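The file target.cif comes next; it holds mmCIF, C-alpha atoms and all ligand atoms.
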```
data_run
#
loop_
_atom_site.label_atom_id
_atom_site.label_comp_id
_atom_site.auth_asym_id
_atom_site.auth_seq_id
_atom_site.Cartn_x
_atom_site.Cartn_y
_atom_site.Cartn_z
CA MET V 224 9.82 -8.52 -5.53
CA GLY V 225 9.83 -4.90 -6.82
CA PHE V 226 7.01 -3.88 -9.14
CA ALA V 227 7.08 -6.69 -11.71
CA PRO V 228 3.54 -7.47 -12.93
CA GLN V 229 4.04 -11.16 -12.02
CA TRP V 230 4.81 -10.19 -8.41
CA LEU V 231 1.86 -7.79 -8.22
CA ALA V 232 -0.44 -10.54 -9.60
CA LEU V 233 0.92 -13.10 -7.12
CA ARG V 234 0.20 -10.85 -4.14
CA ASP V 235 -3.18 -9.52 -5.37
CA ALA V 236 -5.46 -12.07 -3.62
CA ALA V 237 -3.54 -11.89 -0.31
CA ASP V 238 -3.67 -8.08 -0.48
CA ARG V 239 -7.41 -8.10 -1.07
CA ALA V 240 -7.99 -10.53 1.81
CA ALA V 241 -5.87 -8.41 4.14
CA ARG V 242 -7.43 -4.99 3.46
CA ASP V 243 -9.72 -3.67 6.18
CA ASP V 244 -13.30 -3.77 4.86
CA ALA V 245 -14.63 -1.17 7.31
CA LEU V 246 -11.99 1.37 6.23
CA MET V 247 -12.76 0.67 2.56
CA ALA V 248 -16.48 1.14 3.18
CA ALA V 249 -15.78 4.42 5.00
CA ALA V 250 -13.45 5.57 2.19
CA ALA V 251 -16.21 4.77 -0.31
CA ARG V 252 -18.73 6.85 1.68
CA LEU V 253 -16.29 9.75 1.69
CA ALA V 254 -15.82 9.42 -2.08
CA GLY V 255 -19.52 10.26 -2.40
CA ALA V 256 -22.28 9.30 -4.83
CA ALA V 257 -20.25 10.21 -7.93
CA PRO V 258 -16.71 9.22 -6.97
CA VAL V 259 -13.63 10.50 -8.76
CA ILE V 260 -10.75 8.53 -7.29
CA VAL V 261 -7.09 9.29 -7.94
CA ASP V 262 -4.98 6.21 -7.15
CA LEU V 263 -1.27 6.88 -6.58
CA GLY V 264 1.26 4.22 -7.65
CA ALA V 265 -1.65 2.29 -9.15
CA GLY V 266 0.34 -0.57 -10.70
CA THR V 267 -2.08 -2.89 -12.51
CA GLY V 268 -5.15 -1.44 -10.76
CA ALA V 269 -5.24 -3.27 -7.41
CA SER V 270 -7.22 -0.45 -5.79
CA VAL V 271 -9.87 -0.59 -8.51
CA ARG V 272 -10.30 -4.32 -7.85
CA ALA V 273 -10.48 -3.92 -4.06
CA LEU V 274 -12.11 -0.54 -3.40
CA GLY V 275 -14.16 -0.79 -6.61
CA ARG V 276 -16.48 -3.29 -4.87
CA HIS V 277 -17.50 -0.54 -2.42
CA VAL V 278 -18.16 2.35 -4.81
CA PRO V 279 -20.81 2.80 -7.53
CA ASP V 280 -19.98 1.25 -10.93
CA ALA V 281 -19.99 4.75 -12.40
CA ALA V 282 -16.99 5.74 -10.25
CA ARG V 283 -14.25 7.46 -12.28
CA TRP V 284 -10.70 6.27 -11.67
CA ARG V 285 -7.47 8.09 -12.49
CA LEU V 286 -4.58 5.67 -12.16
CA VAL V 287 -1.26 7.42 -11.57
CA ASP V 288 2.02 5.58 -12.09
CA ASN V 289 5.33 6.24 -13.82
CA ASP V 290 5.47 2.73 -15.33
CA ALA V 291 3.83 2.68 -18.76
CA ALA V 292 3.78 -1.14 -18.94
CA LEU V 293 1.93 -1.45 -15.62
CA LEU V 294 -0.52 1.26 -16.65
CA SER V 295 -1.34 -0.51 -19.91
CA LEU V 296 -2.11 -3.68 -17.95
CA ALA V 297 -4.24 -1.57 -15.58
CA VAL V 298 -6.39 -0.15 -18.38
CA ALA V 299 -6.61 -3.58 -20.02
CA ASN V 300 -7.96 -4.87 -16.68
CA HIS V 301 -10.16 -1.80 -16.12
CA PRO V 302 -11.06 -0.23 -19.49
CA ASN V 303 -13.04 2.62 -17.93
CA ALA V 304 -10.10 3.80 -15.84
CA GLN V 305 -7.91 6.64 -17.05
CA ALA V 306 -4.15 6.07 -17.08
CA CYS V 307 -2.05 9.04 -15.94
CA GLN V 308 1.65 8.42 -16.49
CA LEU V 309 3.42 10.66 -14.03
CA ASP V 310 6.41 10.61 -11.70
CA LEU V 311 4.90 10.95 -8.23
CA ASN V 312 7.79 13.23 -7.30
CA ARG V 313 5.88 15.83 -9.33
CA LEU V 314 3.04 16.17 -6.85
CA ALA V 315 2.01 19.56 -8.25
CA ASP V 316 0.99 17.75 -11.46
CA LEU V 317 -1.39 15.27 -9.80
CA PRO V 318 -4.72 15.15 -11.66
CA LEU V 319 -6.82 16.30 -8.69
CA GLU V 320 -9.36 18.42 -10.60
CA GLY V 321 -12.82 17.31 -9.34
CA ALA V 322 -11.34 14.43 -7.29
CA THR V 323 -13.37 13.19 -4.31
CA LEU V 324 -10.84 10.69 -2.88
CA VAL V 325 -7.12 9.99 -3.22
CA SER V 326 -6.00 6.41 -2.65
CA ALA V 327 -2.87 4.26 -2.69
CA SER V 328 -1.82 0.74 -1.82
CA ALA V 329 1.57 -0.74 -1.02
CA LEU V 330 3.08 2.69 -1.63
CA LEU V 331 3.63 4.63 1.59
CA ASP V 332 6.48 2.42 2.86
CA LEU V 333 8.44 3.38 -0.29
CA VAL V 334 8.24 7.14 0.20
CA SER V 335 10.30 9.55 2.27
CA GLU V 336 9.10 11.74 5.12
CA GLY V 337 9.66 14.82 2.92
CA TRP V 338 7.50 13.37 0.14
CA LEU V 339 4.75 12.42 2.59
CA ARG V 340 4.77 15.91 4.12
CA ALA V 341 4.42 17.38 0.62
CA LEU V 342 1.50 15.02 -0.15
CA VAL V 343 -0.24 16.00 3.11
CA ASP V 344 0.17 19.68 2.15
CA VAL V 345 -1.37 19.09 -1.29
CA LEU V 346 -4.31 17.08 0.07
CA THR V 347 -4.90 19.58 2.87
CA ARG V 348 -5.05 22.42 0.35
CA HIS V 349 -7.75 20.50 -1.56
CA GLN V 350 -9.40 19.19 1.66
CA LEU V 351 -9.35 15.70 0.12
CA PRO V 352 -9.70 12.43 2.05
CA PHE V 353 -6.89 9.89 1.69
CA TYR V 354 -7.10 6.10 1.90
CA ALA V 355 -3.83 4.13 1.83
CA ALA V 356 -3.84 0.35 2.18
CA LEU V 357 -1.14 -2.17 2.95
CA SER V 358 1.84 -0.19 4.20
CA TYR V 359 4.37 -2.68 5.59
CA ASP V 360 4.75 -2.17 9.37
CA GLY V 361 8.03 -3.98 10.08
CA VAL V 362 6.58 -7.08 11.76
CA MET V 363 7.12 -10.57 10.33
CA HIS V 364 6.60 -13.93 12.06
CA TRP V 365 7.00 -17.49 10.86
CA GLN V 366 5.82 -20.83 12.23
CA PRO V 367 7.85 -22.88 12.87
CA ASP V 368 10.37 -20.24 13.88
CA LEU V 369 14.10 -20.26 13.14
CA PRO V 370 16.89 -18.67 15.19
CA ASP V 371 17.72 -16.13 12.43
CA ASP V 372 14.13 -14.87 11.92
CA ALA V 373 14.52 -11.76 14.08
CA GLY V 374 17.92 -10.82 12.63
CA ILE V 375 16.67 -11.28 9.06
CA THR V 376 13.60 -9.16 9.80
CA ALA V 377 15.78 -6.40 11.29
CA ALA V 378 18.09 -6.46 8.23
CA PHE V 379 15.11 -6.46 5.84
CA ASN V 380 13.65 -3.50 7.70
CA ARG V 381 16.93 -1.59 7.32
CA ASP V 382 16.89 -2.24 3.58
CA GLN V 383 13.28 -1.01 3.44
CA CYS V 384 14.56 2.41 4.53
CA THR V 385 16.92 2.85 1.58
CA ASP V 386 15.94 5.19 -1.26
CA LYS V 387 13.15 3.72 -3.41
CA GLY V 388 12.94 6.76 -5.67
CA PHE V 389 11.53 9.31 -3.21
CA GLY V 390 14.53 9.89 -0.91
CA PRO V 391 15.27 7.76 2.20
CA ALA V 392 12.18 5.57 2.56
CA LEU V 393 9.99 5.54 5.66
CA GLY V 394 9.73 1.74 5.49
CA ALA V 395 8.05 0.29 8.57
CA ALA V 396 7.38 3.76 10.03
CA SER V 397 5.20 4.97 7.17
CA GLY V 398 1.73 4.16 8.54
CA HIS V 399 2.30 5.85 11.88
CA MET V 400 4.13 8.77 10.24
CA ALA V 401 1.13 9.26 7.95
CA ARG V 402 -1.17 9.26 10.98
CA THR V 403 0.99 11.89 12.75
CA LEU V 404 1.29 14.19 9.74
CA PHE V 405 -2.41 14.06 8.82
CA GLU V 406 -3.43 14.65 12.46
CA GLN V 407 -1.08 17.64 12.61
CA ALA V 408 -2.85 18.95 9.50
CA GLY V 409 -6.21 18.73 11.32
CA TYR V 410 -7.40 15.46 9.77
CA HIS V 411 -9.26 12.72 11.66
CA VAL V 412 -7.34 9.46 11.14
CA ARG V 413 -8.41 5.82 11.38
CA LEU V 414 -5.82 3.06 11.21
CA ALA V 415 -6.27 -0.73 10.98
CA GLN V 416 -3.80 -3.62 11.23
CA THR V 417 -4.03 -5.62 8.00
CA PRO V 418 -1.46 -8.43 8.04
CA TRP V 419 -0.99 -11.04 5.38
CA VAL V 420 -1.55 -14.45 6.99
CA LEU V 421 0.01 -16.91 4.56
CA ASP V 422 -0.24 -20.69 4.71
CA GLN V 423 0.23 -23.62 2.34
CA GLN V 424 -2.38 -22.16 -0.04
CA HIS V 425 0.03 -19.29 -0.60
CA ALA V 426 3.10 -21.48 -1.17
CA ARG V 427 4.25 -19.62 -4.33
CA LEU V 428 3.76 -16.22 -2.71
CA GLN V 429 5.64 -17.38 0.39
CA ALA V 430 8.50 -18.76 -1.72
CA GLU V 431 8.92 -15.55 -3.76
CA LEU V 432 8.53 -13.41 -0.67
CA LEU V 433 11.31 -15.36 1.04
CA ASP V 434 13.63 -14.82 -1.95
CA GLY V 435 12.92 -11.09 -1.82
CA ILE V 436 13.38 -10.86 1.95
CA ALA V 437 16.65 -12.80 1.80
CA ASP V 438 18.01 -10.61 -1.05
CA ALA V 439 17.13 -7.45 0.88
CA ALA V 440 18.58 -8.80 4.15
CA ALA V 441 21.81 -9.73 2.32
CA ARG V 442 22.01 -6.21 0.83
CA ALA V 443 21.67 -4.86 4.37
CA GLY V 444 24.62 -7.02 5.46
CA HIS V 445 23.06 -10.15 6.96
CA GLY V 446 25.65 -12.86 6.21
CA SER V 447 23.35 -15.86 6.78
CA ALA V 448 20.53 -14.70 4.51
CA PRO V 449 21.07 -17.40 1.81
CA ALA V 450 21.19 -20.20 4.42
CA TRP V 451 18.12 -18.78 6.19
CA ASN V 452 16.28 -18.64 2.85
CA ALA V 453 17.18 -22.27 2.02
CA ALA V 454 15.94 -23.44 5.44
CA ARG V 455 12.75 -21.37 5.19
CA GLN V 456 11.99 -22.55 1.63
CA GLY V 457 12.12 -26.12 2.95
CA LEU V 458 9.47 -25.25 5.56
CA VAL V 459 7.01 -23.58 3.14
CA PRO V 460 4.90 -26.74 2.59
CA GLN V 461 4.02 -26.91 6.29
CA GLY V 462 4.83 -23.38 7.53
CA THR V 463 2.86 -20.19 8.01
CA CYS V 464 3.98 -16.61 7.70
CA THR V 465 2.52 -13.32 8.95
CA VAL V 466 3.57 -10.00 7.42
CA GLY V 467 2.25 -6.90 9.13
CA HIS V 468 0.63 -3.99 7.29
CA VAL V 469 -1.49 -1.00 8.22
CA ASP V 470 -4.33 0.62 6.31
CA ILE V 471 -5.05 4.26 6.99
CA LEU V 472 -7.96 6.57 6.28
CA ALA V 473 -7.39 10.29 6.75
CA VAL V 474 -10.48 12.50 6.76
CA PRO V 475 -10.61 16.31 6.63
CA ALA V 476 -12.22 17.62 9.83
CA GLY V 477 -15.22 18.98 7.93
CA ARG V 478 -16.02 15.56 6.44
CA VAL V 479 -15.97 13.40 9.60
CA ALA V 480 -19.78 13.09 9.71
CA ALA V 481 -19.66 11.34 6.31
CA LEU V 482 -17.57 8.56 7.86
CA ASP V 483 -20.57 6.98 9.51
CA GLY V 484 -23.01 7.72 6.73
CA HIS V 485 -24.19 11.13 8.01
CA GLY V 486 -23.82 14.30 5.99
CA GLY V 487 -22.10 12.34 3.24
CA GLY V 488 -22.67 14.82 0.42
CA HIS V 489 -19.38 15.96 -1.03
CA GLY V 490 -18.29 19.45 -1.89
C1 LIG K 1 4.46 -1.94 -4.62
S1 LIG K 1 3.79 -1.36 -6.11
C2 LIG K 1 2.06 -1.22 -5.70
C3 LIG K 1 1.17 -1.26 -6.90
C4 LIG K 1 -0.32 -1.28 -6.59
N1 LIG K 1 -0.73 -0.10 -5.87
C5 LIG K 1 -0.69 -2.54 -5.81
O1 LIG K 1 -1.09 -2.42 -4.66
O2 LIG K 1 -0.57 -3.62 -6.38
C6 LIG K 1 4.30 0.37 -6.13
C7 LIG K 1 3.83 1.11 -7.37
O3 LIG K 1 4.34 2.46 -7.31
C8 LIG K 1 4.81 2.83 -8.59
N2 LIG K 1 5.85 3.85 -8.41
C9 LIG K 1 7.03 3.72 -7.77
N3 LIG K 1 7.74 4.86 -7.84
C10 LIG K 1 6.97 5.75 -8.53
C11 LIG K 1 7.15 7.11 -8.94
N4 LIG K 1 8.26 7.80 -8.64
N5 LIG K 1 6.16 7.69 -9.64
C12 LIG K 1 5.03 7.00 -9.95
N6 LIG K 1 4.81 5.72 -9.60
C13 LIG K 1 5.77 5.10 -8.90
C14 LIG K 1 5.35 1.53 -9.18
O4 LIG K 1 5.47 1.59 -10.59
C15 LIG K 1 4.33 0.52 -8.69
O5 LIG K 1 3.26 0.40 -9.58
#
```
Kindly return the structure encoded in the file as structure tokens.
Amino acid sequence: MGFAPQWLALRDAADRAARDDALMAAAARLAGAAPVIVDLGAGTGASVRALGRHVPDAARWRLVDNDAALLSLAVANHPNAQACQLDLNRLADLPLEGATLVSASALLDLVSEGWLRALVDVLTRHQLPFYAALSYDGVMHWQPDLPDDAGITAAFNRDQCTDKGFGPALGAASGHMARTLFEQAGYHVRLAQTPWVLDQQHARLQAELLDGIADAAARAGHGSAPAWNAARQGLVPQGTCTVGHVDILAVPAGRVAALDGHGGGHG
């Protein structure tokens, strides 16, 4: 799995189908009539493709990532977006000048509590709204089920908490931790469950996902991960898989009226 462009492309349609439309529409209202959106860990521009449908065409995007190859694909996909190559551990260098919304997708489960606290501090100082889609929530189900499913999920979830470049990762706890930290900072927070629901139409995604889950579970010490993967791969043509995510929208107290289309003017 990781951040390979092939993996990001394979998951793009499932991600877009899973995102909560009401939260995206609310995030777009908060971004205002002339949005300047800073997307963290932008990859190939998934947020532009998803959230871009809800904001005016003239929206300005700043895509932040430390991976130059992903950023060049992002600007090839979205020529009007600005690529900002930056290590997100340098939060003080985020290009927030004039920003009206900060966004992210499939990022929060990678970060540590310390990093998230620092991000909340930065956004609070700027009184900026924050929209983060598709943080893995630790819940996976398959049909038909297998005896090892729960043990594999537990091992995968342990691996999700290892350091992904930001210190010990929050993994499955990230969505709820984000809610707690933003609420403590005085933000109003909305959260939506946004699972992937994968069937035979997503056979390639399911197959690659299974390989990634089995590798991670093996790293976390699950001895039967290869056998579980072989059995699961055999069930892909008739099986379904649900992978839980949460989307979150955090709104500074003074901007709550804009959520429902009232008092939406920014600044
Ligand atoms: C799971 S991918 C998500 C990409 C994209 N947001 C999406 O939804 O398809 C995580 C992204 O975070 C970026 N990333 C990871 N660690 C980073 C760091 N320390 N600084 C900047 N970007 C980072 C990766 O390069 C990758 O593009």
Distance filter 10 Å around ligand LIG 1 (chain K), atoms: all atoms listed in the file, out as a PyMOL selection string: chain V and resi 224-228+230-235+238-239+262-273+286-294+297+307-314+326-334+355-358+387-389
Spatial neighbours of stretch 336-345 of chain V, max dist 10 Å, all atoms listed in the file, sep filter under 3 positions, as a ChimeraX atom specification: /V:311-315,317,319,331-333,348-351,353,389-393,396-397,400-401,404-408,410,473
Coordinates-based distance that separates atom CA of V:Asp483 from atom CA of V:Thr323 (Å, one decimal): 16.8 Å
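If you look at atom CA of V:Asp280 and atom CA of V:Val469, they are 26.7 Å away from each other.
In terms of minimum interatomic distance to V:Ala378, V:Arg442 ranks closest within V:Arg442, V:Arg242, V:Arg276, V:Arg285, counting all atoms listed in the file.
The gap separating atom CA of V:Pro449 from atom CA of V:Asp372 is 12.5 Å, in Å to one decimal.
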Of the listed residues V:Gln429, V:Gln383, V:Thr347, V:Thr417, that which approaches V:Asn452 most closely, counting only C-alpha atoms: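 Answer, going by the shortest atom-to-atom distance: V:Gln429.
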Please write out, as lines of an AutoDock Vina configuration file, where the centre of an axis-aligned box around all listed atoms of stretch 231-244 of chain V lies and how long its edges are, in Å to one decimal, after adding 3 Å on each side.
```
center_x = -5.7
center_y = -8.4
center_z = -1.7
size_x = 21.2
size_y = 15.4
size_z = 21.8
```
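Using all atoms listed in the file, the smallest distance between any of V:Gly398, V:Pro258, V:Gly457, V:Gly467 and V:Gly361 comes from V:Gly467.
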Nearest-residue call for V:Leu421, choices V:Met363, V:Ala306, V:Val474, V:Ala282, using only C-alpha atoms: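 Using only C-alpha atoms, V:Leu421 sits closest to V:Met363.
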Nearby residues, (5.5, -21.0, 8.9) file frame, 12 Å, all atoms listed in the file, as a PyMOL selection string: chain V and resi 363-369+372+420-426+429-430+433+454-466
Counting all atoms listed in the file, the option among V:His445, V:His301, V:His399, V:His277 closest to V:Thr376: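 The shortest atom-to-atom distance to V:Thr376 comes from V:His445.
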Nearest residue to V:Arg283 from the set V:Ala440, V:Ala249, V:Leu324, V:Gly409 (distances using only C-alpha atoms):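 For V:Arg283, the nearest of the given residues is V:Leu324.
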Would you mind putting back all heavy atoms on stretch 335-346 of chain V, then writing it out as a short mmCIF file (atom, residue, chain, number, x, y, z; two decimals), keeping the file's coordinate frame?
```
data_model
loop_
_atom_site.label_atom_id
_atom_site.label_comp_id
_atom_site.auth_asym_id
_atom_site.auth_seq_id
_atom_site.Cartn_x
_atom_site.Cartn_y
_atom_site.Cartn_z
N SER V 335 9.53 8.89 1.21
CA SER V 335 10.30 9.55 2.27
C SER V 335 9.37 10.42 3.12
O SER V 335 8.25 10.75 2.71
CB SER V 335 11.38 10.42 1.66
OG SER V 335 10.77 11.43 0.88
N GLU V 336 9.89 10.83 4.28
CA GLU V 336 9.10 11.74 5.12
C GLU V 336 8.83 13.05 4.38
O GLU V 336 7.72 13.59 4.44
CB GLU V 336 9.84 12.02 6.44
CG GLU V 336 9.05 12.93 7.35
CD GLU V 336 9.72 13.19 8.69
OE1 GLU V 336 10.58 12.38 9.09
OE2 GLU V 336 9.38 14.21 9.32
N GLY V 337 9.84 13.55 3.65
CA GLY V 337 9.66 14.82 2.92
C GLY V 337 8.56 14.70 1.88
O GLY V 337 7.73 15.61 1.73
N TRP V 338 8.54 13.57 1.17
CA TRP V 338 7.50 13.37 0.14
C TRP V 338 6.12 13.31 0.80
O TRP V 338 5.16 13.92 0.31
CB TRP V 338 7.78 12.07 -0.63
CG TRP V 338 6.85 11.86 -1.78
CD1 TRP V 338 7.02 12.27 -3.07
CD2 TRP V 338 5.56 11.21 -1.75
NE1 TRP V 338 5.93 11.92 -3.83
CE2 TRP V 338 5.02 11.27 -3.06
CE3 TRP V 338 4.82 10.60 -0.73
CZ2 TRP V 338 3.77 10.71 -3.37
CZ3 TRP V 338 3.57 10.06 -1.05
CH2 TRP V 338 3.07 10.13 -2.36
N LEU V 339 6.04 12.58 1.92
CA LEU V 339 4.75 12.42 2.59
C LEU V 339 4.25 13.77 3.12
O LEU V 339 3.05 14.09 3.00
CB LEU V 339 4.87 11.40 3.72
CG LEU V 339 3.58 10.94 4.37
CD1 LEU V 339 2.59 10.37 3.35
CD2 LEU V 339 3.87 9.88 5.44
N ARG V 340 5.17 14.56 3.66
CA ARG V 340 4.77 15.91 4.12
C ARG V 340 4.21 16.73 2.96
O ARG V 340 3.20 17.44 3.09
CB ARG V 340 5.98 16.66 4.72
CG ARG V 340 6.34 16.22 6.11
CD ARG V 340 7.49 17.06 6.68
NE ARG V 340 7.88 16.54 7.97
CZ ARG V 340 7.26 16.82 9.12
NH1 ARG V 340 6.26 17.68 9.14
NH2 ARG V 340 7.67 16.28 10.25
N ALA V 341 4.88 16.62 1.80
CA ALA V 341 4.42 17.38 0.62
C ALA V 341 3.05 16.89 0.17
O ALA V 341 2.18 17.69 -0.20
CB ALA V 341 5.44 17.26 -0.51
N LEU V 342 2.82 15.56 0.23
CA LEU V 342 1.50 15.02 -0.15
C LEU V 342 0.43 15.55 0.81
O LEU V 342 -0.66 15.96 0.39
CB LEU V 342 1.51 13.49 -0.14
CG LEU V 342 0.15 12.89 -0.49
CD1 LEU V 342 -0.17 13.06 -1.98
CD2 LEU V 342 0.08 11.40 -0.11
N VAL V 343 0.74 15.51 2.12
CA VAL V 343 -0.24 16.00 3.11
C VAL V 343 -0.58 17.46 2.82
O VAL V 343 -1.75 17.86 2.88
CB VAL V 343 0.29 15.79 4.55
CG1 VAL V 343 -0.62 16.47 5.57
CG2 VAL V 343 0.44 14.30 4.85
N ASP V 344 0.42 18.26 2.47
CA ASP V 344 0.17 19.68 2.15
C ASP V 344 -0.79 19.80 0.97
O ASP V 344 -1.74 20.59 1.01
CB ASP V 344 1.48 20.38 1.76
CG ASP V 344 2.29 20.76 2.98
OD1 ASP V 344 1.76 20.62 4.10
OD2 ASP V 344 3.46 21.16 2.81
N VAL V 345 -0.52 19.01 -0.09
CA VAL V 345 -1.37 19.09 -1.29
C VAL V 345 -2.81 18.69 -0.95
O VAL V 345 -3.77 19.38 -1.31
CB VAL V 345 -0.80 18.18 -2.41
CG1 VAL V 345 -1.80 18.06 -3.56
CG2 VAL V 345 0.53 18.70 -2.91
N LEU V 346 -2.95 17.57 -0.22
CA LEU V 346 -4.31 17.08 0.07
C LEU V 346 -5.04 18.02 1.02
O LEU V 346 -6.26 18.22 0.91
CB LEU V 346 -4.26 15.66 0.65
CG LEU V 346 -3.64 14.61 -0.29
CD1 LEU V 346 -3.76 13.20 0.30
CD2 LEU V 346 -4.29 14.64 -1.66
#
```
